[in-house]
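Content type TSV, C-alpha atoms, from the file query-v3.tsv:
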chain	number	residue	atom	x	y	z
A	1	MET	CA	-85.86	33.08	-209.76
A	2	SER	CA	-82.64	31.09	-209.96
A	3	HIS	CA	-80.49	33.77	-208.30
A	4	ASN	CA	-80.41	34.55	-204.60
A	5	PRO	CA	-82.29	37.83	-203.95
A	6	TYR	CA	-80.02	38.65	-201.00
A	7	ILE	CA	-76.91	38.45	-203.21
A	8	TYR	CA	-78.63	40.70	-205.75
A	9	ILE	CA	-79.37	43.23	-202.99
A	10	LEU	CA	-75.85	43.06	-201.56
A	11	ILE	CA	-74.29	43.69	-204.99
A	12	MET	CA	-76.61	46.67	-205.52
A	13	ALA	CA	-75.68	48.04	-202.09
A	14	ALA	CA	-71.92	47.50	-202.56
A	15	VAL	CA	-71.76	49.14	-206.00
A	16	THR	CA	-73.91	52.09	-204.86
A	17	PHE	CA	-71.79	52.60	-201.74
A	18	ALA	CA	-68.51	52.46	-203.70
A	19	ILE	CA	-69.65	55.11	-206.19
A	20	ARG	CA	-70.67	57.48	-203.42
A	21	VAL	CA	-67.81	56.96	-201.03
A	22	LEU	CA	-64.77	56.87	-203.33
A	23	PRO	CA	-64.73	60.60	-204.21
A	24	LEU	CA	-65.40	61.60	-200.60
A	25	THR	CA	-62.59	59.46	-199.19
A	26	LEU	CA	-60.03	59.96	-201.98
A	27	VAL	CA	-60.48	63.71	-202.48
A	28	LYS	CA	-59.26	65.26	-199.24
A	29	LYS	CA	-58.00	68.56	-200.57
A	30	GLN	CA	-59.67	71.53	-202.15
A	31	PHE	CA	-59.09	71.62	-205.88
A	32	THR	CA	-57.03	74.62	-207.03
A	33	ASN	CA	-57.61	74.39	-210.79
A	34	THR	CA	-60.15	77.08	-211.78
A	35	PHE	CA	-61.86	74.89	-214.36
A	36	VAL	CA	-62.34	71.99	-211.93
A	37	ARG	CA	-63.57	74.33	-209.19
A	38	SER	CA	-66.01	76.05	-211.55
A	39	PHE	CA	-67.20	72.72	-212.97
A	40	LEU	CA	-67.95	71.36	-209.50
A	41	TYR	CA	-69.61	74.63	-208.50
A	42	TYR	CA	-72.06	74.35	-211.41
A	43	VAL	CA	-72.70	70.57	-211.14
A	44	PRO	CA	-75.33	70.72	-208.36
A	45	TYR	CA	-77.43	73.41	-210.04
A	46	VAL	CA	-77.31	71.79	-213.46
A	47	THR	CA	-78.04	68.30	-212.20
A	48	LEU	CA	-80.95	69.40	-209.97
A	49	SER	CA	-82.41	71.48	-212.83
A	50	VAL	CA	-82.13	68.58	-215.24
A	51	MET	CA	-83.76	66.18	-212.78
A	52	THR	CA	-86.64	68.55	-211.97
A	53	PHE	CA	-87.81	69.47	-215.44
A	54	PRO	CA	-89.62	67.91	-217.26
A	55	ALA	CA	-89.78	65.05	-214.71
A	56	ILE	CA	-92.16	67.03	-212.45
A	57	ILE	CA	-94.74	67.05	-215.25
A	58	ASN	CA	-94.68	63.26	-215.55
A	59	ALA	CA	-94.67	62.62	-211.81
A	60	THR	CA	-98.28	63.67	-211.27
A	61	HIS	CA	-101.42	61.86	-212.38
A	62	SER	CA	-102.41	64.85	-214.53
A	63	PRO	CA	-99.60	66.59	-216.46
A	64	ILE	CA	-101.45	69.91	-216.16
A	65	ALA	CA	-101.24	69.71	-212.38
A	66	GLY	CA	-97.51	69.02	-212.75
A	67	ILE	CA	-96.99	72.07	-214.95
A	68	VAL	CA	-98.89	74.37	-212.57
A	69	ALA	CA	-97.01	72.90	-209.58
A	70	PHE	CA	-93.74	73.63	-211.41
A	71	ALA	CA	-94.79	77.25	-212.04
A	72	ALA	CA	-96.03	77.70	-208.47
A	73	GLY	CA	-92.82	76.19	-207.11
A	74	LEU	CA	-90.71	78.56	-209.22
A	75	VAL	CA	-92.62	81.59	-207.93
A	76	ALA	CA	-92.52	80.46	-204.30
A	77	ALA	CA	-88.80	79.69	-204.53
A	78	TRP	CA	-88.13	83.05	-206.24
A	79	PHE	CA	-89.53	84.75	-203.13
A	80	ASN	CA	-87.31	82.62	-200.88
A	81	ALA	CA	-90.11	80.55	-199.35
A	82	GLY	CA	-87.62	77.87	-198.20
A	83	LEU	CA	-87.48	74.11	-198.76
A	84	PHE	CA	-90.48	73.05	-196.74
A	85	LYS	CA	-92.87	75.79	-197.90
A	86	VAL	CA	-92.03	75.40	-201.58
A	87	SER	CA	-92.60	71.64	-201.28
A	88	CYS	CA	-95.95	72.17	-199.58
A	89	VAL	CA	-97.04	74.70	-202.20
A	90	CYS	CA	-96.28	72.21	-204.98
A	91	CYS	CA	-98.09	69.34	-203.23
A	92	ALA	CA	-101.12	71.51	-202.41
A	93	VAL	CA	-101.40	72.75	-205.99
A	94	VAL	CA	-101.44	69.18	-207.32
A	95	PHE	CA	-103.86	67.97	-204.65
A	96	ILE	CA	-106.35	70.77	-205.32
A	97	LEU	CA	-106.02	70.86	-209.11
A	98	GLU	CA	-106.55	67.13	-209.48
A	99	PHE	CA	-110.08	67.54	-208.15
A	100	PHE	CA	-110.85	69.46	-211.32
A	101	VAL	CA	-108.65	68.07	-214.11
B	1	MET	CA	-65.98	75.22	-173.03
B	2	GLY	CA	-65.26	75.05	-176.73
B	3	GLY	CA	-66.35	71.43	-176.71
B	4	LYS	CA	-69.62	72.21	-175.03
B	5	ASN	CA	-70.40	74.97	-177.50
B	6	LEU	CA	-69.61	72.64	-180.33
B	7	ILE	CA	-71.99	69.98	-179.05
B	8	LYS	CA	-74.70	72.57	-178.54
B	9	SER	CA	-74.30	73.86	-182.07
B	10	ASN	CA	-74.27	70.33	-183.46
B	11	ARG	CA	-77.59	69.68	-181.75
B	12	LYS	CA	-79.04	72.87	-183.20
B	13	VAL	CA	-77.71	71.92	-186.63
B	14	ILE	CA	-79.25	68.42	-186.37
B	15	LEU	CA	-82.62	70.03	-185.60
B	16	GLU	CA	-82.30	72.28	-188.64
B	17	GLY	CA	-81.52	69.22	-190.71
B	18	MET	CA	-84.55	67.38	-189.31
B	19	ARG	CA	-86.80	70.32	-190.18
B	20	ASP	CA	-85.54	70.32	-193.77
B	21	GLY	CA	-85.80	66.54	-193.76
B	22	ILE	CA	-89.60	66.65	-193.41
B	23	PRO	CA	-90.38	67.47	-197.06
B	24	ILE	CA	-87.75	64.93	-198.05
B	25	GLY	CA	-89.43	62.29	-195.90
B	26	LEU	CA	-92.87	63.07	-197.38
B	27	GLY	CA	-91.54	62.84	-200.91
B	28	TYR	CA	-89.63	59.68	-200.06
B	29	LEU	CA	-92.79	58.01	-198.74
B	30	ALA	CA	-94.53	58.58	-202.05
B	31	VAL	CA	-91.61	57.57	-204.25
B	32	SER	CA	-90.50	54.56	-202.22
B	33	PHE	CA	-94.08	53.36	-202.01
B	34	SER	CA	-94.18	53.01	-205.79
B	35	LEU	CA	-90.68	51.52	-205.68
B	36	GLY	CA	-92.01	48.89	-203.27
B	37	ILE	CA	-94.63	47.94	-205.83
B	38	ALA	CA	-91.83	47.48	-208.40
B	39	ALA	CA	-89.95	45.28	-205.90
B	40	LYS	CA	-93.02	43.13	-205.46
B	41	THR	CA	-93.35	42.76	-209.24
B	42	ALA	CA	-89.70	41.66	-209.32
B	43	GLY	CA	-90.51	38.88	-206.86
B	44	LEU	CA	-89.06	40.38	-203.67
B	45	ASN	CA	-90.86	40.11	-200.34
B	46	ALA	CA	-91.50	43.00	-197.94
B	47	PHE	CA	-88.33	42.43	-195.92
B	48	GLN	CA	-86.13	42.24	-199.02
B	49	SER	CA	-87.73	45.41	-200.35
B	50	PHE	CA	-87.07	47.12	-197.00
B	51	LEU	CA	-83.47	45.89	-196.97
B	52	ALA	CA	-82.74	47.04	-200.51
B	53	SER	CA	-84.00	50.55	-199.71
B	54	LEU	CA	-82.21	50.68	-196.37
B	55	LEU	CA	-78.87	49.71	-197.94
B	56	CYS	CA	-79.10	51.48	-201.30
B	57	ASN	CA	-81.03	54.74	-200.75
B	58	ALA	CA	-81.36	55.22	-204.48
B	59	SER	CA	-84.54	55.56	-206.49
B	60	ALA	CA	-83.38	55.10	-210.08
B	61	GLY	CA	-80.61	52.74	-208.99
B	62	GLU	CA	-82.97	50.48	-207.09
B	63	TYR	CA	-85.57	50.59	-209.80
B	64	SER	CA	-83.08	49.51	-212.43
B	65	GLY	CA	-81.82	46.79	-210.07
B	66	PHE	CA	-85.38	45.50	-209.60
B	67	THR	CA	-85.87	45.24	-213.35
B	68	VAL	CA	-82.70	43.10	-213.53
B	69	ILE	CA	-84.01	40.92	-210.69
B	70	ALA	CA	-87.35	40.60	-212.47
B	71	ALA	CA	-85.53	39.40	-215.60
B	72	ASP	CA	-83.43	36.99	-213.47
B	73	SER	CA	-80.23	38.26	-215.18
B	74	SER	CA	-76.71	37.61	-213.94
B	75	TYR	CA	-75.01	39.19	-210.92
B	76	PHE	CA	-72.67	41.01	-213.30
B	77	VAL	CA	-75.61	42.64	-215.08
B	78	ILE	CA	-77.08	43.96	-211.82
B	79	ALA	CA	-73.70	45.43	-210.87
B	80	LEU	CA	-73.43	47.18	-214.23
B	81	ALA	CA	-77.04	48.42	-214.16
B	82	THR	CA	-76.53	49.82	-210.64
B	83	LEU	CA	-73.31	51.52	-211.72
B	84	VAL	CA	-74.93	53.27	-214.68
B	85	ALA	CA	-78.07	54.33	-212.83
B	86	ASN	CA	-76.06	55.74	-209.92
B	87	ALA	CA	-73.08	57.25	-211.75
B	88	ARG	CA	-74.35	60.78	-211.07
B	89	TYR	CA	-73.59	60.23	-207.38
B	90	LEU	CA	-69.92	60.12	-208.32
B	91	LEU	CA	-70.19	63.74	-209.45
B	92	MET	CA	-72.25	64.74	-206.44
B	93	SER	CA	-69.76	63.17	-204.03
B	94	CYS	CA	-66.95	64.98	-205.82
B	95	ALA	CA	-68.80	68.28	-205.45
B	96	LEU	CA	-69.60	67.50	-201.81
B	97	SER	CA	-65.94	66.72	-201.09
B	98	GLN	CA	-65.24	70.40	-201.82
B	99	ARG	CA	-67.87	71.57	-199.33
B	100	ILE	CA	-66.58	69.74	-196.26
B	101	SER	CA	-63.47	70.83	-194.40
B	102	ASN	CA	-60.21	69.06	-195.24
B	103	ASP	CA	-59.86	67.55	-191.77
B	104	THR	CA	-63.28	65.84	-191.82
B	105	SER	CA	-62.75	62.37	-190.34
B	106	ILE	CA	-63.09	59.15	-192.31
B	107	ILE	CA	-66.19	58.17	-190.32
B	108	HIS	CA	-68.01	61.33	-191.43
B	109	ARG	CA	-66.83	60.80	-195.01
B	110	LEU	CA	-68.14	57.21	-195.04
B	111	LEU	CA	-71.44	58.19	-193.42
B	112	LEU	CA	-72.02	61.16	-195.71
B	113	GLY	CA	-71.06	59.00	-198.67
B	114	PHE	CA	-73.51	56.27	-197.75
B	115	PHE	CA	-76.35	58.81	-197.78
B	116	VAL	CA	-75.54	60.88	-200.88
B	117	THR	CA	-78.98	60.98	-202.47
B	118	ASP	CA	-80.22	63.71	-204.81
B	119	GLU	CA	-82.15	65.25	-201.93
B	120	PHE	CA	-79.62	65.01	-199.07
B	121	PHE	CA	-76.97	66.27	-201.48
B	122	GLY	CA	-79.24	69.11	-202.60
B	123	ILE	CA	-79.97	70.47	-199.14
B	124	SER	CA	-76.36	69.92	-198.02
B	125	ILE	CA	-74.86	72.05	-200.77
B	126	SER	CA	-77.50	74.74	-200.17
B	127	ARG	CA	-75.89	75.48	-196.77
B	128	SER	CA	-73.57	78.46	-196.77
B	129	GLY	CA	-69.93	77.94	-195.88
B	130	LYS	CA	-68.46	74.56	-194.99
B	131	LEU	CA	-70.97	71.79	-194.42
B	132	ASN	CA	-71.46	70.54	-190.87
B	133	PRO	CA	-72.20	66.82	-191.45
B	134	PHE	CA	-74.68	66.87	-188.56
B	135	TYR	CA	-77.05	68.96	-190.67
B	136	THR	CA	-77.20	66.16	-193.23
B	137	TYR	CA	-77.55	63.56	-190.46
B	138	GLY	CA	-80.61	65.40	-189.14
B	139	ALA	CA	-82.29	65.19	-192.53
B	140	ILE	CA	-81.23	61.54	-192.84
B	141	LEU	CA	-82.86	60.71	-189.48
B	142	ILE	CA	-86.23	61.79	-190.92
B	143	GLY	CA	-85.80	60.84	-194.57
B	144	CYS	CA	-84.13	57.47	-194.33
B	145	PRO	CA	-86.77	55.59	-192.30
B	146	CYS	CA	-89.45	57.03	-194.59
B	147	TRP	CA	-87.59	55.64	-197.58
B	148	ALA	CA	-87.08	52.13	-196.17
B	149	PHE	CA	-90.53	51.75	-194.58
B	150	GLY	CA	-92.21	53.32	-197.61
B	151	SER	CA	-90.72	50.60	-199.81
B	152	MET	CA	-91.86	47.93	-197.39
B	153	LEU	CA	-95.38	49.36	-197.28
B	154	GLY	CA	-95.47	49.56	-201.06
B	155	THR	CA	-94.58	45.89	-201.31
B	156	ILE	CA	-97.19	44.93	-198.71
B	157	ALA	CA	-100.03	47.30	-199.50
B	158	GLY	CA	-99.59	47.74	-203.22
B	159	ASN	CA	-102.26	50.09	-204.43
B	160	LEU	CA	-104.03	50.85	-201.15
B	161	LEU	CA	-102.90	54.49	-200.86
B	162	PRO	CA	-105.27	56.74	-202.83
B	163	LEU	CA	-103.79	57.76	-206.18
B	164	ARG	CA	-104.63	61.39	-205.42
B	165	ILE	CA	-102.36	61.42	-202.35
B	166	VAL	CA	-99.49	59.63	-204.11
B	167	SER	CA	-99.76	62.07	-207.00
B	168	ALA	CA	-99.65	65.12	-204.71
B	169	LEU	CA	-96.75	63.81	-202.60
B	170	SER	CA	-94.70	62.91	-205.65
B	171	VAL	CA	-93.94	66.58	-206.39
B	172	ALA	CA	-92.57	67.28	-202.89
B	173	LEU	CA	-89.03	66.40	-203.94
B	174	PHE	CA	-89.16	68.56	-207.05
B	175	GLY	CA	-90.47	71.50	-205.02
B	176	MET	CA	-87.46	71.12	-202.79
B	177	PHE	CA	-85.09	71.09	-205.74
B	178	LEU	CA	-86.65	74.34	-206.95
B	179	ALA	CA	-86.15	75.88	-203.50
B	180	ILE	CA	-82.46	75.00	-203.80
B	181	ILE	CA	-81.71	76.19	-207.34
B	182	VAL	CA	-83.94	79.27	-207.68
B	183	PRO	CA	-82.88	81.66	-204.86
B	184	PRO	CA	-79.16	81.74	-205.83
B	185	SER	CA	-80.18	82.13	-209.49
B	186	ARG	CA	-82.12	85.23	-208.57
B	187	LYS	CA	-78.92	86.83	-207.26
B	188	ASN	CA	-76.61	85.54	-210.01
B	189	LYS	CA	-77.67	86.13	-213.62
B	190	THR	CA	-75.09	83.67	-214.99
B	191	LEU	CA	-76.50	80.93	-212.80
B	192	LEU	CA	-80.04	81.86	-213.86
B	193	GLY	CA	-79.04	81.45	-217.51
B	194	ILE	CA	-77.42	78.09	-216.81
B	195	VAL	CA	-80.50	76.84	-214.94
B	196	LEU	CA	-82.76	77.89	-217.83
B	197	VAL	CA	-80.46	76.22	-220.38
B	198	SER	CA	-80.53	73.07	-218.22
B	199	PHE	CA	-84.35	73.05	-218.13
B	200	ALA	CA	-84.51	73.51	-221.91
B	201	ALA	CA	-81.86	70.90	-222.71
B	202	SER	CA	-83.45	68.39	-220.34
B	203	PHE	CA	-86.84	68.99	-221.93
B	204	ALA	CA	-85.35	68.49	-225.40
B	205	PHE	CA	-83.57	65.29	-224.35
B	206	ALA	CA	-86.78	63.90	-222.89
B	207	TYR	CA	-88.80	64.39	-226.06
B	208	LEU	CA	-86.39	64.25	-229.02
B	209	PRO	CA	-86.61	60.96	-230.89
B	210	VAL	CA	-83.61	58.59	-230.52
B	211	ILE	CA	-82.16	60.61	-227.61
B	212	ASN	CA	-85.23	59.94	-225.47
B	213	GLN	CA	-84.44	56.22	-225.75
B	214	ILE	CA	-81.44	56.80	-223.45
B	215	ASP	CA	-82.47	56.07	-219.88
B	216	GLU	CA	-83.09	58.96	-217.52
B	217	GLY	CA	-80.03	58.38	-215.33
B	218	THR	CA	-77.65	58.44	-218.28
B	219	ARG	CA	-79.33	61.54	-219.75
B	220	THR	CA	-78.82	63.30	-216.41
B	221	ILE	CA	-75.11	62.46	-216.41
B	222	ILE	CA	-74.53	63.53	-220.02
B	223	LEU	CA	-76.36	66.84	-219.57
B	224	THR	CA	-74.71	67.55	-216.22
B	225	ILE	CA	-71.19	67.00	-217.57
B	226	VAL	CA	-71.70	68.87	-220.85
B	227	ILE	CA	-73.54	71.90	-219.43
B	228	SER	CA	-71.35	72.24	-216.32
B	229	ALA	CA	-68.15	71.94	-218.37
B	230	ALA	CA	-69.35	74.53	-220.90
B	231	ALA	CA	-70.38	76.85	-218.07
B	232	ALA	CA	-67.01	76.39	-216.34
B	233	LEU	CA	-65.17	77.27	-219.57
B	234	LEU	CA	-67.34	80.28	-220.44
B	235	PHE	CA	-67.96	81.61	-216.93
B	236	PRO	CA	-65.14	80.56	-214.59
B	237	VAL	CA	-66.14	81.11	-210.97
B	238	LYS	CA	-64.18	83.48	-208.77
B	239	GLU	CA	-63.44	82.27	-205.30
B	240	GLU	CA	-65.54	84.87	-203.46
B	241	GLU	CA	-68.54	83.93	-205.54
B	242	GLU	CA	-68.11	80.31	-204.58
B	243	ASN	CA	-68.01	81.10	-200.89
B	244	GLU	CA	-70.83	83.61	-200.70
B	245	ASN	CA	-72.95	80.73	-201.76
B	246	VAL	CA	-76.55	79.93	-201.74
B	247	ALA	CA	-79.12	79.70	-198.96

Do you think you could lay out the structure here as structure tokens?
Amino acid sequence: MSHNPYIYILIMAAVTFAIRVLPLTLVKKQFTNTFVRSFLYYVPYVTLSVMTFPAIINATHSPIAGIVAFAAGLVAAWFNAGLFKVSCVCCAVVFILEFFV
Amino acid sequence: MGGKNLIKSNRKVILEGMRDGIPIGLGYLAVSFSLGIAAKTAGLNAFQSFLASLLCNASAGEYSGFTVIAADSSYFVIALATLVANARYLLMSCALSQRISNDTSIIHRLLLGFFVTDEFFGISISRSGKLNPFYTYGAILIGCPCWAFGSMLGTIAGNLLPLRIVSALSVALFGMFLAIIVPPSRKNKTLLGIVLVSFAASFAFAYLPVINQIDEGTRTIILTIVISAAAALLFPVKEEEENENVA
């Protein structure tokens, strides 16, 4: 390659850091506008939902295992199993199912 | 007195963060391992792969950077690619800025900012009340080394880890996301509806022709902005609701 890999990496790191840090350092007050507050309240749930499905189906070797892991995770989370347990349930489902599919 | 109690509670909070950091670390190992393979393909060595993961802490962002490196494109292109792939962190940081107390020092703001990943953000906003940054630091202590060393191992060992294990570990992060979004949706029907709409819209975007050509990071941003804005217009949140919160 004709470019320096370390400069590539430093640019990646600088841009990533700037994106993450600017809102946290510039926004020091609580927003009062109802729309802005509501928007930011919904952002985490929407973005995590969007990132989870259908990506979970394509993450596993067999899509069927991914679908069942998704269903199992939903059920476990519905009954408040907590972060660690829900994760383990999903991993275990994929590990076991992929012996068969 | 007060100071001592504070330190004690910070230590307890760090431990809680470390506990919740375990599934993150496991998922990170699997994901960063495959990222390390991509780094190798791009021509990076194990140390460079380690360094990129240590400094960037971003899966999609690093992956898109590695494809630029592989193509030997200009420094401007890698800056732009990183910006697009990571733009969702701008929204997350904005949301996080509302969950920390106003007098949070600049050091904490810089540190939290450096480590805003999907996962650390997810568990941080799932805490009720104002976020104690030490909770996030606890999770970072477990997750971050896994991420950096996982990338390095991926670059070195390539395809040594059995596919079955990688496959199983790769859903750990998604399981965690479910544990964050589902319990509050059970209590709040509006939120449940919004989560279901998000699943459906994301599914449609992933499989509809033309739209599925847009990269995943950009799809996430578009859907997040559109759905959250529509939800905010249709179902404005009352303050009590906001505070009663999740976990």

Neighbour list for B:Ile181 as a PyMOL selection string, cut-off 10 Å, only C-alpha atoms, skip fewer than 3 positions in-chain: (chain A and resi 44-49+74+77-78) or (chain B and resi 122+126+176-178+184-186+191-192+195+246-247)

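With only C-alpha atoms as the atoms that count, the residue of A:Leu26, A:Cys91, A:Ile7, A:Val101 with the shortest distance to chain B is A:Cys91.
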
Selection near B:Val171, 12 Å with all atoms listed in the file, sequence-local residues under 2 positions removed, as a ChimeraX atom specification: /A:52-63,65-70,72-73,86-95 /B:23-24,26-31,164-169,173-178

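Going from atom CA of B:Pro209 to atom CA of B:Ser32 covers 29.6 Å.
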
Two-atom distance - atom CA of B:Ser97, atom CA of A:Val27 (Å): 6.4 Å

Top pick for closest residue to B:Ser124, considering B:Leu110, B:Ile222, B:Ile100, B:Ala38 and counting all atoms listed in the file: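 Of all the options, B:Ile100 lies closest to B:Ser124.
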
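The residue that comes closest to chain B, out of A:Val43, A:Ile64, A:Asn33, A:Ala71 and on the basis of all atoms listed in the file, is A:Val43.
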
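Straight-line separation from atom CA of A:Val50 to atom CA of B:Trp147: 22.6 Å.
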
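With all atoms listed in the file as the atoms that count, the residue of B:Ile211, B:Ile106, B:Ile140, B:Leu35 with the shortest distance to chain A is B:Ile106.
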
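Using all atoms listed in the file, the shortest contact distance between B:Glu62 and any of A:Ile11, A:Phe84, A:His3, A:Ala76 is found at A:Ile11.
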
Expected residue set, 12 Å radius at (-81.7, 32.1, -205.2), only C-alpha atoms, as number ranges by chain: A: 1-9; B: 43-44, 69, 72-75

Counting only C-alpha atoms, the residue of B:Phe120, B:Gly143, B:Thr220, B:Arg109 that sits nearest A:Phe17: B:Arg109

Contacts of A:Pro23 within 10 Å, only C-alpha atoms, excl. fewer than 3 positions in-chain, as a VMD selection string: (chain A and resid 18 to 20 26 to 28) or (chain B and resid 89 to 97 109 113)

Contacts of B:Met18 at 10 Å (only C-alpha atoms; same-chain gap of 3+ positions) as a PyMOL selection string: chain B and resi 12-15+21-25+134-143

What are the centre and edge lengths in Å, to one decimal, of the axis-aligned box around all listed atoms of stretch 73-88 of chain A with 3 Å added on each side, as JSON?
{"center_x": -91.6, "center_y": 78.2, "center_z": -203.0, "size_x": 14.6, "size_y": 19.1, "size_z": 18.5}

Polymer residues at most 9 Å from B:Pro236, only C-alpha atoms, same-chain spacing of 5 or more positions, as a list of chain:residue names: A:Thr34, A:Phe35, A:Arg37, A:Ser38, A:Phe39, B:Ala231
